[in-house]
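Trainee: The structure's right below; bear with me while I get my questions together.
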Amino acid sequence: MSLHRKLIVSLAAASALLAGSAQAQYVGPTAGATAPSSVAAILKNPVDDQAVVLRGHLLRKVSKEKYTFSDGTAEIRVDIDDKVFMNRKIDAKTQVEIRGEVEKDFMESPEIDVDVLTVVP
């Protein structure tokens with residue numbers, strides 16, 4: 001094999017190796033990085049954009065698309081877009097599951113931006 005051919009084969013192999021490693025990215029959960037399981041845990045250590053799933057009750061409407069949510073451990077403000085709420089009849093006695101992300105802005109108390117609201121039977 002000529003030196004020129006060996007160089008081409010080596011470059012092709014290196015290129016394939018680099019292309020494969022550039023595309024391989026693990027995007028699943030990381031060991032030890034568990035989502036908080038309660039409002040109290042979120043308030044104790046709020047992490048911006050952290051995914052959460054909680055069950056509890058919407059206690060009251062605070063303003064347009066803002067509600068107070070409690071899971072029995074503490075209360076937190078939640079932001080539920082009208083399109084997510086979908087005009088369902090929900091009161092303080094209705095158990096719901098919320099899925100969303102923690103929003104922690106500088107100098108503000110944390111809240112949850114709700115992506116999915118499910119009535120729990």
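To be explicit about the labels: the chains of the structure tokens are called A, B, and onward in the order shown, and within each one the residues are counted from 1, while ligands get numbers from 1 in the order they are shown.
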Find the residues around Glu65 of chain A up to 6 Å (only C-alpha atoms counted), leave out those fewer than 5 positions away in its own chain, and share them as a PyMOL selection string.
Mentor: chain A and resi 79-81
Trainee: So that I have them on file, write out the residues from the current selection with N, CA, C and O atoms, as an mmCIF file, in the first residue's frame.
Mentor:
```cif
data_model
loop_
_atom_site.group_PDB
_atom_site.id
_atom_site.type_symbol
_atom_site.label_atom_id
_atom_site.label_comp_id
_atom_site.auth_asym_id
_atom_site.auth_seq_id
_atom_site.Cartn_x
_atom_site.Cartn_y
_atom_site.Cartn_z
ATOM 1 N N ASP A 79 -48.187 28.761 36.744
ATOM 2 C CA ASP A 79 -48.625 29.480 35.556
ATOM 3 C C ASP A 79 -49.216 28.455 34.595
ATOM 4 O O ASP A 79 -48.500 27.578 34.108
ATOM 5 N N ILE A 80 -50.536 28.561 34.358
ATOM 6 C CA ILE A 80 -51.219 27.609 33.480
ATOM 7 C C ILE A 80 -51.884 28.401 32.359
ATOM 8 O O ILE A 80 -52.849 29.137 32.593
ATOM 9 N N ASP A 81 -51.370 28.260 31.147
ATOM 10 C CA ASP A 81 -51.960 28.945 29.999
ATOM 11 C C ASP A 81 -53.399 28.485 29.813
ATOM 12 O O ASP A 81 -53.740 27.336 30.090
#
```
Trainee: Would you pick out the contacts of Tyr67 of chain A at 10 Å or less, using only C-alpha atoms, so that residues sharing its chain but fewer than 4 positions from it are not included, and give the list as a PyMOL selection string?
Mentor: chain A and resi 57-63+76-80+111-112
Trainee: Let me see the file: selected residues, N, CA, C and O atoms, as a tab-separated table (two decimals), in the first residue's frame.
Mentor:
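Contents of selection.tsv, freshly written:
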```tsv
chain	number	residue	atom	x	y	z
A	57	HIS	N	-53.75	20.22	44.55
A	57	HIS	CA	-54.96	20.99	44.27
A	57	HIS	C	-54.61	22.43	43.92
A	57	HIS	O	-53.67	23.01	44.47
A	58	LEU	N	-55.41	22.99	43.00
A	58	LEU	CA	-55.33	24.42	42.71
A	58	LEU	C	-56.21	25.11	43.74
A	58	LEU	O	-57.44	24.95	43.73
A	59	LEU	N	-55.60	25.82	44.67
A	59	LEU	CA	-56.34	26.41	45.78
A	59	LEU	C	-57.11	27.66	45.40
A	59	LEU	O	-58.21	27.90	45.89
A	60	ARG	N	-56.49	28.51	44.56
A	60	ARG	CA	-57.14	29.76	44.19
A	60	ARG	C	-56.50	30.34	42.94
A	60	ARG	O	-55.35	30.06	42.64
A	61	LYS	N	-57.26	31.17	42.23
A	61	LYS	CA	-56.73	31.90	41.09
A	61	LYS	C	-56.16	33.20	41.61
A	61	LYS	O	-56.83	33.93	42.34
A	62	VAL	N	-54.92	33.51	41.27
A	62	VAL	CA	-54.23	34.69	41.77
A	62	VAL	C	-54.36	35.85	40.78
A	62	VAL	O	-54.59	36.98	41.17
A	63	SER	N	-54.20	35.56	39.51
A	63	SER	CA	-54.34	36.53	38.43
A	63	SER	C	-54.55	35.76	37.13
A	63	SER	O	-54.68	34.53	37.16
A	76	ILE	N	-47.24	26.84	46.12
A	76	ILE	CA	-46.39	27.48	45.12
A	76	ILE	C	-47.29	28.07	44.04
A	76	ILE	O	-48.37	27.54	43.76
A	77	ARG	N	-46.83	29.15	43.45
A	77	ARG	CA	-47.57	29.76	42.34
A	77	ARG	C	-47.30	28.95	41.07
A	77	ARG	O	-46.17	28.53	40.81
A	78	VAL	N	-48.35	28.72	40.29
A	78	VAL	CA	-48.21	28.01	39.02
A	78	VAL	C	-48.79	28.87	37.91
A	78	VAL	O	-49.73	29.63	38.11
A	79	ASP	N	-48.19	28.76	36.74
A	79	ASP	CA	-48.63	29.48	35.56
A	79	ASP	C	-49.22	28.45	34.59
A	79	ASP	O	-48.50	27.58	34.11
A	80	ILE	N	-50.54	28.56	34.36
A	80	ILE	CA	-51.22	27.61	33.48
A	80	ILE	C	-51.88	28.40	32.36
A	80	ILE	O	-52.85	29.14	32.59
A	111	GLU	N	-41.80	29.55	40.71
A	111	GLU	CA	-43.13	29.12	40.30
A	111	GLU	C	-42.96	27.97	39.33
A	111	GLU	O	-41.84	27.65	38.92
A	112	ILE	N	-44.07	27.35	38.97
A	112	ILE	CA	-44.03	26.23	38.02
A	112	ILE	C	-44.78	26.66	36.78
A	112	ILE	O	-45.94	27.09	36.84
```
Trainee: How far is it from atom CA of Asp115 of chain A to atom CA of Gln50 of chain A, in Å with one decimal?
Mentor: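 Here the two named atoms are 12.7 Å from each other.
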Trainee: May I ask which of the residues A:Val116, A:Ile42, A:Asp48, A:Thr34 is the closest one to Lys104 of chain A, counting only C-alpha atoms?
Mentor: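 Result for the nearest residue to Lys104 of chain A: A:Asp48.
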Trainee: Any idea what the distance is between atom CA of Gly72 of chain A and atom CA of Gln95 of chain A?
Mentor: 11.4 Å
Trainee: Quick one: pull the distance between atom CA of Pro110 of chain A and atom CA of Leu43 of chain A, Å, one decimal.
Mentor: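 That distance, rounded to one decimal, is 7.0 Å.
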Trainee: Rank A:Arg55, A:Lys44, A:Val120, A:Val114 by their smallest atom-to-atom distance to Gly100 of chain A, using only C-alpha atoms, and report the top residue only.
Mentor: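 Among the listed residues, A:Val114 lies closest to Gly100 of chain A.
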